[in-house]
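Beneath this line is the structure, given in structure tokens, with notes to follow.
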Amino acid sequence: MRIGHRPERDKRITSHVCLVARAFGAEGIYISGAKDQKICSTVKKVCEIWGGSFWVEFVSNPLKLIKNWKNNGGVVVHLTMYGLPLREIIKNICQDGRDLLIIVGGEKVPKEYYLEADYNVAVGNQPHSEVSALAIFLDRINNGEWEHLTFSDAKLIIIPSERGKIVKEFKEEKKDF
């Protein structure tokens, strides 16, 4: 969940939060703040070209969503530089085995989010981007498994190369990779 989206200020950051979440294996994102259909169209276009599915849902009452998530057995992780160090708390989160709702802020995060979260997790204790915090957290929580993530409906895939850019394009034929 991205809280406090402000289109005039956060359009690229929120889009990058979505792209990182998708690439690192998340199923979708809830966004609170202003509704911004450009984010939806960006994510849709990425999924059409690079494959996979990823949903975007705007929520008007994020605290209610958090409470419902927890009532349905899910775990809420708030990424903040004021939380407990990721390296110290990750084992507790991984052992849980329940669905995760990961919160990243935009504007100043109200204290209610800290109180409602099951875990307030710090990916470093210096000011940094919510995009980087999300990427590091998802990498660690999934033990780097996102690197093996493939989308069978991709129209483009990148072929790893030491030098140069190699992109394989698929037409409408069936593809296996």
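Naming scheme: A, B, ... for chains in displayed order of the structure tokens; residues 1 onward per chain; ligands 1 onward as shown.
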Would you pick out the contacts of segment 10-25 of chain A at 8 Å or less, using only C-alpha atoms, so that residues sharing its chain but fewer than 6 positions from it are not included, and give the list as a CSV table (one decimal) with N, CA and C atoms, in the first residue's frame?
```csv
chain,number,residue,atom,x,y,z
A,2,ARG,N,0.6,2.1,-0.9
A,2,ARG,CA,1.3,3.4,-1.0
A,2,ARG,C,0.3,4.4,-0.4
A,39,ILE,N,-1.3,6.4,-13.4
A,39,ILE,CA,-0.6,5.2,-12.8
A,39,ILE,C,-1.2,3.9,-13.3
A,42,THR,N,0.0,3.3,-16.8
A,42,THR,CA,1.4,3.0,-16.8
A,42,THR,C,1.5,1.5,-16.5
A,43,VAL,N,0.9,1.0,-15.4
A,43,VAL,CA,1.0,-0.4,-15.0
A,43,VAL,C,0.4,-1.3,-16.0
A,54,PHE,N,-1.0,-7.4,-12.6
A,54,PHE,CA,-0.7,-6.6,-11.4
A,54,PHE,C,-1.9,-5.6,-11.3
A,106,GLY,N,4.5,8.3,1.7
A,106,GLY,CA,4.8,9.4,0.7
A,106,GLY,C,5.0,10.6,1.5
A,130,GLU,N,11.3,5.4,-0.7
A,130,GLU,CA,10.4,4.3,-0.4
A,130,GLU,C,10.5,3.2,-1.5
A,131,VAL,N,11.0,3.6,-2.7
A,131,VAL,CA,11.2,2.7,-3.8
A,131,VAL,C,12.3,1.7,-3.4
A,134,LEU,N,11.3,-0.6,-0.5
A,134,LEU,CA,10.5,-1.7,-1.0
A,134,LEU,C,11.3,-2.8,-1.7
A,135,ALA,N,12.2,-2.4,-2.6
A,135,ALA,CA,13.0,-3.3,-3.3
A,135,ALA,C,13.8,-4.2,-2.4
A,138,LEU,N,11.5,-6.6,-0.4
A,138,LEU,CA,10.9,-7.7,-1.2
A,138,LEU,C,12.0,-8.7,-1.6
A,139,ASP,N,13.2,-8.2,-1.8
A,139,ASP,CA,14.3,-9.1,-2.2
A,139,ASP,C,14.7,-10.0,-1.0
A,146,TRP,N,12.7,-13.4,-6.8
A,146,TRP,CA,12.1,-12.6,-7.8
A,146,TRP,C,12.9,-12.7,-9.1
A,147,GLU,N,14.3,-13.0,-8.9
A,147,GLU,CA,15.1,-13.0,-10.1
A,147,GLU,C,14.7,-14.1,-11.1
A,149,LEU,N,11.6,-15.0,-11.6
A,149,LEU,CA,10.2,-14.7,-12.0
A,149,LEU,C,10.1,-14.5,-13.5
```
**Q.** segment 27-93 of chain A: residues DSSP assigns to strand (DSSP E), reported as a ChimeraX atom specification
**A.** /A:28-33,55-59,75-85
Could I get the residues of segment 16-49 of chain A with an atom no further than 8 Å from an atom of segment 150-157 of chain A, each paired with its nearest atom pair and that distance in Å to one decimal, using only C-alpha atoms, sorted by chain and residue number, as CSV?
```
residue,atom,partner,partner_atom,distance
A:Cys47,CA,A:Ala154,CA,7.8
A:Glu48,CA,A:Ala154,CA,7.2
A:Ile49,CA,A:Lys155,CA,5.1
```
Output N, CA and C atoms for every residue in the selection just made, as a PDB file, in the first residue's frame.
```pdb
ATOM      1  N   CYS A  47       2.400  -4.282 -18.065  1.00  0.00           N
ATOM      2  CA  CYS A  47       1.929  -5.670 -18.060  1.00  0.00           C
ATOM      3  C   CYS A  47       1.647  -6.174 -19.477  1.00  0.00           C
ATOM      4  N   GLU A  48       1.118  -5.325 -20.338  1.00  0.00           N
ATOM      5  CA  GLU A  48       0.852  -5.726 -21.726  1.00  0.00           C
ATOM      6  C   GLU A  48       2.141  -6.059 -22.461  1.00  0.00           C
ATOM      7  N   ILE A  49       3.191  -5.314 -22.202  1.00  0.00           N
ATOM      8  CA  ILE A  49       4.456  -5.510 -22.912  1.00  0.00           C
ATOM      9  C   ILE A  49       5.330  -6.564 -22.234  1.00  0.00           C
TER      10      ILE A  49
END
```
**Q.** Length of the atom CA of Gly28 of chain A to atom CA of Val109 of chain A vector [Å]
**A.** 21.1 Å
Q: Apply DSSP to the backbone of this structure and, from segment 2-165 of chain A, keep only the residues in helix (DSSP H, G or I); write these as a ChimeraX atom specification.
A: /A:7-23,37-50,62-71,86-96,111-116,130-141,145-148
Filtering to C-alpha atoms, could you give me those residues as an mmCIF file, in the first residue's frame?
```
data_model
loop_
_atom_site.group_PDB
_atom_site.id
_atom_site.type_symbol
_atom_site.label_atom_id
_atom_site.label_comp_id
_atom_site.auth_asym_id
_atom_site.auth_seq_id
_atom_site.Cartn_x
_atom_site.Cartn_y
_atom_site.Cartn_z
ATOM 1 C CA PRO A 7 0.018 13.310 -8.363
ATOM 2 C CA GLU A 8 1.652 16.696 -8.818
ATOM 3 C CA ARG A 9 4.579 15.641 -6.670
ATOM 4 C CA ASP A 10 4.690 11.830 -6.611
ATOM 5 C CA LYS A 11 3.685 10.656 -10.094
ATOM 6 C CA ARG A 12 7.022 9.023 -10.901
ATOM 7 C CA ILE A 13 7.698 7.751 -7.381
ATOM 8 C CA THR A 14 4.330 6.034 -7.067
ATOM 9 C CA SER A 15 4.735 4.538 -10.551
ATOM 10 C CA HIS A 16 8.163 3.264 -9.526
ATOM 11 C CA VAL A 17 6.712 1.762 -6.344
ATOM 12 C CA CYS A 18 4.246 -0.110 -8.575
ATOM 13 C CA LEU A 19 6.938 -1.264 -10.992
ATOM 14 C CA VAL A 20 9.225 -2.490 -8.217
ATOM 15 C CA ALA A 21 6.360 -4.286 -6.485
ATOM 16 C CA ARG A 22 5.393 -6.026 -9.742
ATOM 17 C CA ALA A 23 8.946 -6.952 -10.732
ATOM 18 C CA GLN A 37 -5.435 7.168 -13.604
ATOM 19 C CA LYS A 38 -2.015 7.738 -15.211
ATOM 20 C CA ILE A 39 -0.580 5.229 -12.756
ATOM 21 C CA CYS A 40 -3.168 2.655 -13.819
ATOM 22 C CA SER A 41 -2.380 3.176 -17.487
ATOM 23 C CA THR A 42 1.381 2.954 -16.848
ATOM 24 C CA VAL A 43 1.015 -0.354 -14.998
ATOM 25 C CA LYS A 44 -1.385 -1.715 -17.628
ATOM 26 C CA LYS A 45 1.045 -0.850 -20.420
ATOM 27 C CA VAL A 46 3.956 -2.487 -18.595
ATOM 28 C CA CYS A 47 1.929 -5.670 -18.060
ATOM 29 C CA GLU A 48 0.852 -5.726 -21.726
ATOM 30 C CA ILE A 49 4.456 -5.510 -22.912
ATOM 31 C CA TRP A 50 6.427 -7.303 -20.191
ATOM 32 C CA PRO A 62 -6.485 2.948 4.184
ATOM 33 C CA LEU A 63 -6.741 2.428 7.947
ATOM 34 C CA LYS A 64 -9.979 0.498 7.466
ATOM 35 C CA LEU A 65 -8.265 -1.644 4.829
ATOM 36 C CA ILE A 66 -5.408 -2.357 7.256
ATOM 37 C CA LYS A 67 -7.823 -3.391 10.005
ATOM 38 C CA ASN A 68 -9.730 -5.636 7.595
ATOM 39 C CA TRP A 69 -6.460 -7.153 6.370
ATOM 40 C CA LYS A 70 -5.471 -8.036 9.907
ATOM 41 C CA ASN A 71 -8.974 -9.321 10.769
ATOM 42 C CA LEU A 86 15.288 -5.392 8.806
ATOM 43 C CA ARG A 87 18.144 -7.807 9.509
ATOM 44 C CA GLU A 88 16.887 -8.299 13.063
ATOM 45 C CA ILE A 89 13.170 -8.677 12.362
ATOM 46 C CA ILE A 90 13.001 -10.451 8.996
ATOM 47 C CA LYS A 91 13.037 -13.960 10.480
ATOM 48 C CA ASN A 92 9.918 -13.172 12.500
ATOM 49 C CA ILE A 93 8.129 -11.903 9.404
ATOM 50 C CA CYS A 94 9.226 -14.850 7.243
ATOM 51 C CA GLN A 95 8.112 -17.417 9.827
ATOM 52 C CA ASP A 96 4.649 -15.952 9.863
ATOM 53 C CA LYS A 111 1.145 7.699 13.909
ATOM 54 C CA GLU A 112 -1.906 5.460 13.423
ATOM 55 C CA TYR A 113 0.007 3.507 10.769
ATOM 56 C CA TYR A 114 2.828 2.826 13.212
ATOM 57 C CA LEU A 115 0.294 1.653 15.794
ATOM 58 C CA GLU A 116 -1.692 -0.561 13.399
ATOM 59 C CA GLU A 130 10.392 4.291 -0.425
ATOM 60 C CA VAL A 131 11.184 2.657 -3.775
ATOM 61 C CA SER A 132 14.573 1.454 -2.527
ATOM 62 C CA ALA A 133 13.138 0.323 0.812
ATOM 63 C CA LEU A 134 10.456 -1.709 -0.960
ATOM 64 C CA ALA A 135 12.968 -3.312 -3.349
ATOM 65 C CA ILE A 136 15.329 -4.311 -0.555
ATOM 66 C CA PHE A 137 12.514 -5.618 1.626
ATOM 67 C CA LEU A 138 10.947 -7.693 -1.177
ATOM 68 C CA ASP A 139 14.348 -9.072 -2.160
ATOM 69 C CA ARG A 140 15.109 -10.153 1.399
ATOM 70 C CA ILE A 141 11.649 -11.488 2.219
ATOM 71 C CA GLU A 145 13.472 -15.527 -5.829
ATOM 72 C CA TRP A 146 12.094 -12.604 -7.826
ATOM 73 C CA GLU A 147 15.141 -13.020 -10.101
ATOM 74 C CA HIS A 148 13.588 -16.240 -11.457
#
```
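The gap separating atom CA of Val104 of chain A from atom CA of His128 of chain A is 11.7 Å, in Å to one decimal.
Take atom CA of Trp55 of chain A and atom CA of Asn120 of chain A: the distance between them is 24.8 Å.
Of the residues listed (A:Ala122, A:Val59, A:Ala117, A:Ile103), A:Ala122 shows the shortest atom-to-atom separation from Tyr82 of chain A; distances use only C-alpha atoms.
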